[in-house]
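Pasting protein-v5.cif here (mmCIF, C-alpha atoms):
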```cif
data_start
loop_
_atom_site.label_atom_id
_atom_site.label_comp_id
_atom_site.auth_asym_id
_atom_site.auth_seq_id
_atom_site.Cartn_x
_atom_site.Cartn_y
_atom_site.Cartn_z
CA ARG W 7 0.00 0.00 0.00
CA ILE W 8 1.37 3.40 -0.98
CA HIS W 9 0.24 6.71 0.44
CA LEU W 10 1.37 9.63 -1.67
CA MET W 11 1.15 13.15 -0.29
CA ASN W 12 2.01 16.03 -2.55
CA PRO W 13 1.41 19.77 -2.83
CA MET W 14 -1.45 21.14 -4.94
CA LEU W 15 -0.48 20.52 -8.55
CA PRO W 16 -1.21 22.85 -11.42
CA GLY W 17 -3.98 21.54 -13.64
CA LEU W 18 -3.31 20.08 -17.05
CA GLN W 19 -4.74 23.23 -18.61
CA GLY W 20 -2.17 25.52 -16.96
CA ASP W 21 -4.39 26.72 -14.11
CA LYS W 22 -5.08 24.96 -10.85
CA MET W 23 -6.76 21.58 -10.94
CA SER W 24 -10.51 21.82 -10.73
CA ALA W 25 -13.12 19.17 -10.06
CA SER W 26 -15.49 21.11 -12.31
CA ASP W 27 -13.08 20.90 -15.27
CA PRO W 28 -12.55 17.21 -16.07
CA ASN W 29 -9.73 18.03 -18.51
CA SER W 30 -7.63 19.69 -15.80
CA LYS W 31 -7.09 16.48 -13.82
CA ILE W 32 -6.55 12.75 -14.06
CA ASP W 33 -9.08 10.58 -12.24
CA LEU W 34 -7.96 7.23 -10.82
CA LEU W 35 -10.52 5.41 -12.96
CA ASP W 36 -9.96 7.29 -16.22
CA THR W 37 -9.52 4.92 -19.14
CA SER W 38 -6.07 4.70 -20.71
CA LYS W 39 -7.44 6.51 -23.74
CA ALA W 40 -8.86 9.31 -21.55
CA VAL W 41 -5.49 9.71 -19.80
CA ALA W 42 -3.66 9.88 -23.13
CA THR W 43 -6.18 12.42 -24.47
CA LYS W 44 -6.07 14.63 -21.37
CA VAL W 45 -2.27 14.62 -21.17
CA GLY W 46 -2.01 15.08 -24.94
CA LYS W 47 -4.13 18.25 -24.76
CA ALA W 48 -2.35 19.54 -21.65
CA PHE W 49 -0.68 22.94 -21.39
CA CYS W 50 3.02 22.16 -21.86
CA PRO W 51 4.81 24.97 -23.72
CA GLU W 52 8.26 24.15 -25.00
CA ASN W 53 11.10 25.11 -22.59
CA GLU W 54 8.67 26.45 -19.93
CA VAL W 55 8.46 25.05 -16.40
CA GLU W 56 6.15 27.58 -14.69
CA GLY W 57 2.57 26.31 -14.48
CA ASN W 58 3.44 23.17 -16.45
CA GLY W 59 1.09 20.52 -15.07
CA VAL W 60 2.74 17.74 -17.09
CA LEU W 61 6.11 18.34 -15.43
CA SER W 62 4.38 18.60 -12.06
CA PHE W 63 2.90 15.13 -12.51
CA VAL W 64 6.39 13.78 -13.12
CA LYS W 65 7.88 15.57 -10.11
CA PHE W 66 5.15 14.96 -7.55
CA VAL W 67 3.49 11.73 -8.72
CA LEU W 68 5.61 9.64 -11.09
CA PHE W 69 9.04 10.01 -9.46
CA PRO W 70 7.73 9.31 -5.91
CA ALA W 71 5.58 6.39 -7.15
CA SER W 72 8.50 4.81 -8.99
CA ASP W 73 10.69 5.30 -5.91
CA GLN W 74 8.13 3.35 -3.86
CA ARG W 75 7.64 0.69 -6.52
CA LEU W 76 11.23 0.22 -7.72
CA GLY W 77 13.23 1.44 -4.75
CA SER W 78 14.65 4.39 -6.68
CA PRO W 79 13.11 7.24 -8.66
CA GLU W 80 12.96 6.71 -12.41
CA PHE W 81 11.16 8.27 -15.34
CA VAL W 82 11.71 7.28 -18.97
CA ILE W 83 11.24 9.60 -21.93
CA GLN W 84 10.20 7.21 -24.67
CA ARG W 85 10.95 8.25 -28.23
CA PRO W 86 12.18 6.70 -31.49
CA GLU W 87 15.93 6.36 -32.08
CA LYS W 88 15.81 8.96 -34.86
CA PHE W 89 14.78 11.52 -32.19
CA GLY W 90 17.41 10.49 -29.65
CA GLY W 91 15.97 7.22 -28.35
CA ASN W 92 14.75 6.56 -24.83
CA THR W 93 16.30 8.54 -21.98
CA VAL W 94 16.12 7.40 -18.36
CA TYR W 95 15.99 10.10 -15.68
CA ASN W 96 16.69 9.33 -12.03
CA ASP W 97 15.99 12.82 -10.72
CA PHE W 98 13.58 15.56 -11.64
CA GLU W 99 16.20 18.33 -11.80
CA THR W 100 18.01 16.71 -14.74
CA LEU W 101 14.72 16.20 -16.61
CA GLU W 102 13.74 19.81 -15.94
CA GLN W 103 17.12 21.09 -17.20
CA ASP W 104 16.82 19.00 -20.39
CA PHE W 105 13.27 20.24 -20.94
CA VAL W 106 14.28 23.90 -20.54
CA ALA W 107 17.30 23.35 -22.85
CA GLY W 108 15.01 21.87 -25.52
CA ASN W 109 16.48 18.36 -25.27
CA VAL W 110 13.04 16.97 -24.34
CA HIS W 111 10.19 17.89 -26.67
CA PRO W 112 6.74 18.53 -25.10
CA GLY W 113 5.23 15.81 -27.31
CA ASP W 114 7.73 13.23 -26.05
CA LEU W 115 7.16 14.36 -22.45
CA LYS W 116 3.37 14.13 -22.81
CA SER W 117 3.36 10.67 -24.39
CA SER W 118 5.83 9.38 -21.80
CA VAL W 119 3.80 10.84 -18.91
CA ALA W 120 0.60 9.29 -20.31
CA ALA W 121 2.30 5.89 -20.62
CA ALA W 122 3.71 6.08 -17.07
CA LEU W 123 0.38 7.24 -15.59
CA ASN W 124 -1.47 4.44 -17.37
CA GLN W 125 1.04 1.90 -16.05
CA LEU W 126 0.47 3.27 -12.54
CA LEU W 127 -3.34 3.33 -12.86
CA GLU W 128 -3.88 -0.05 -14.55
CA PRO W 129 -3.92 -2.16 -11.34
CA ILE W 130 -6.44 0.28 -9.83
CA ARG W 131 -8.66 0.02 -12.91
CA GLN W 132 -8.50 -3.78 -12.79
CA HIS W 133 -9.45 -3.81 -9.11
CA PHE W 134 -12.55 -1.73 -9.88
CA GLU W 135 -13.74 -4.01 -12.72
CA THR W 136 -15.45 -6.44 -10.33
CA PRO W 137 -19.26 -6.26 -10.09
CA GLU W 138 -19.01 -5.22 -6.41
CA MET W 139 -16.71 -2.32 -7.21
CA GLN W 140 -18.84 -1.29 -10.19
CA GLN W 141 -21.87 -1.17 -7.88
CA LEU W 142 -19.89 0.88 -5.36
CA ILE W 143 -18.91 3.36 -8.07
CA LEU W 144 -22.52 3.62 -9.24
CA GLU W 145 -23.73 4.32 -5.69
CA ALA W 146 -20.93 6.77 -4.92
CA TYR W 147 -21.14 8.59 -8.25
CA PRO W 148 -24.63 8.14 -9.69
CA PRO W 149 -25.00 9.18 -13.30
CA PRO W 150 -26.52 12.62 -13.74
CA VAL W 151 -30.28 12.66 -14.12
CA ALA W 152 -31.35 14.23 -17.38
CA ALA W 153 -33.51 17.29 -16.91
CA PRO W 154 -37.05 16.81 -18.23
CA LYS W 155 -37.35 18.05 -21.75
CA VAL W 156 -39.51 21.14 -22.03
CA VAL W 157 -41.73 21.01 -25.07
CA LYS W 158 -42.50 24.42 -26.47
CA GLN W 159 -45.93 24.97 -27.94
CA LYS W 160 -45.87 25.86 -31.55
CA LYS W 161 -47.13 29.30 -32.40
CA LYS W 162 -49.99 29.49 -34.81
CA HIS W 163 -48.72 31.96 -37.36
CA ASN W 164 -51.63 31.68 -39.79
CA LYS W 165 -54.36 32.79 -37.42
CA ARG W 166 -56.27 35.77 -38.72
CA PRO W 167 -57.43 38.25 -36.11
CA GLU W 168 -60.82 38.61 -37.82
CA ASP W 169 -61.47 34.88 -37.33
CA GLY W 170 -62.17 35.61 -33.69
CA ASN W 171 -61.41 32.05 -32.60
CA ALA W 172 -58.93 31.82 -29.77
CA ASP W 173 -57.82 28.38 -30.81
CA GLY W 174 -57.04 29.47 -34.37
CA ALA W 175 -59.69 27.24 -35.94
CA ALA W 176 -61.15 28.56 -39.15
CA SER W 177 -64.58 30.11 -38.83
CA GLU W 178 -67.43 28.69 -40.78
CA GLN W 179 -68.01 32.00 -42.56
CA THR W 180 -67.56 31.76 -46.32
CA VAL W 181 -65.31 33.99 -48.34
CA GLU W 182 -68.33 35.68 -49.91
CA GLU W 183 -69.75 36.53 -46.47
CA LYS W 184 -66.44 37.99 -45.36
CA LEU W 185 -66.22 40.11 -48.52
CA ALA W 186 -69.80 41.32 -48.05
CA GLU W 187 -68.98 42.48 -44.51
CA THR W 188 -66.03 44.55 -45.73
CA HIS W 189 -68.11 46.35 -48.44
CA LEU W 190 -70.97 47.59 -46.27
#
```
Could you spell out this file's structure in structure tokens?
Amino acid sequence: RIHLMNPMLPGLQGDKMSASDPNSKIDLLDTSKAVATKVGKAFCPENEVEGNGVLSFVKFVLFPASDQRLGSPEFVIQRPEKFGGNTVYNDFETLEQDFVAGNVHPGDLKSSVAAALNQLLEPIRQHFETPEMQQLILEAYPPPVAAPKVVKQKKKHNKRPEDGNADGAASEQTVEEKLAETHL
């Protein structure tokens, strides 16, 4: 069992994390695709550290988790050989320096963070696949109830004021009778 305490992290969108903005955070039960999408869209400007939520995840989540799991901190930037190949980092400061110097591209950082987060979250996801856990999730986080659909009444645009019927029904007066009334 691992208990991880960390300071408030910046959100993935560059601001603080917010429960009301699902794209600013990673939930423990997010699918691997959702994690990859959220991290892929995250605010991570090249060479910038300030407010970079992706780097914060590495510093405050991935390095400490790997230290607990492996006995030493480790984070791997995964990339093809033609772009420098994989690079293993054993401390955040070196990764940060390489990122600021442009030796680590934001795209490589994002895909590596998504892969590491998914590796970390997969056992949790598997644990919650049981019917008991699915029921617990449903009770703890019930799906939102759809608001009743309000049906607007259609306006009757063809109603003639001289018809005098409130419901817009045609009067039984003939055209000739209407013409005779207008020529009195």
May I have a table of the residues of range 113-140 of chain W lying at most 9 Å from range 60-75 of chain W, giving each one's closest pair of atoms and their distance in Å to one decimal, counting all atoms listed in the file, ordered by chain and ascending residue number, as CSV?
```
residue,atom,partner,partner_atom,distance
W:Leu115,CA,W:Val60,CA,7.7
W:Lys116,CA,W:Val60,CA,6.8
W:Val119,CA,W:Val64,CA,7.0
W:Ala122,CA,W:Leu68,CA,7.2
W:Leu123,CA,W:Leu68,CA,7.3
W:Leu126,CA,W:Ala71,CA,8.1
```
If you apply the PyMOL selection byres ((chain W and resi 38) around 10) to this file, what residues do you get, as number ranges by chain?
W: 35-37, 39-44, 120-121, 123-125, 127-128, 131
Could you list the residues chosen by the PyMOL selection byres ((chain W and resi 93) around 9) in this structure as a VMD selection string?
chain W and resid 81 to 85 90 to 92 94 to 95
So what do you get for CA of Val55 in chain W versus CA of Gln103 in chain W, distance-wise?
9.6 Å
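One distance worth recording is that between CA of Asn109 in chain W and CA of Cys50 in chain W, which is 14.4 Å.
Distance-wise, CA of Pro51 in chain W and CA of Pro86 in chain W end up 21.2 Å apart.
Among the candidates W:Ala146, W:Val110, W:Ile130, W:Leu18, the residue lying nearest to Phe49 in chain W is W:Leu18 (atoms considered: only C-alpha atoms).
Closest approach to Asp97 in chain W among W:Pro112, W:Val45, W:Ser78, W:Ser118 is made by W:Ser78 (distances from only C-alpha atoms).
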List the spatial neighbours of range 52-54 of chain W as a PyMOL selection string - criterion: any atom at most 9 Å away, all atoms listed in the file, same-chain residues fewer than 6 positions off excluded.
chain W and resi 102+104-108+110-112
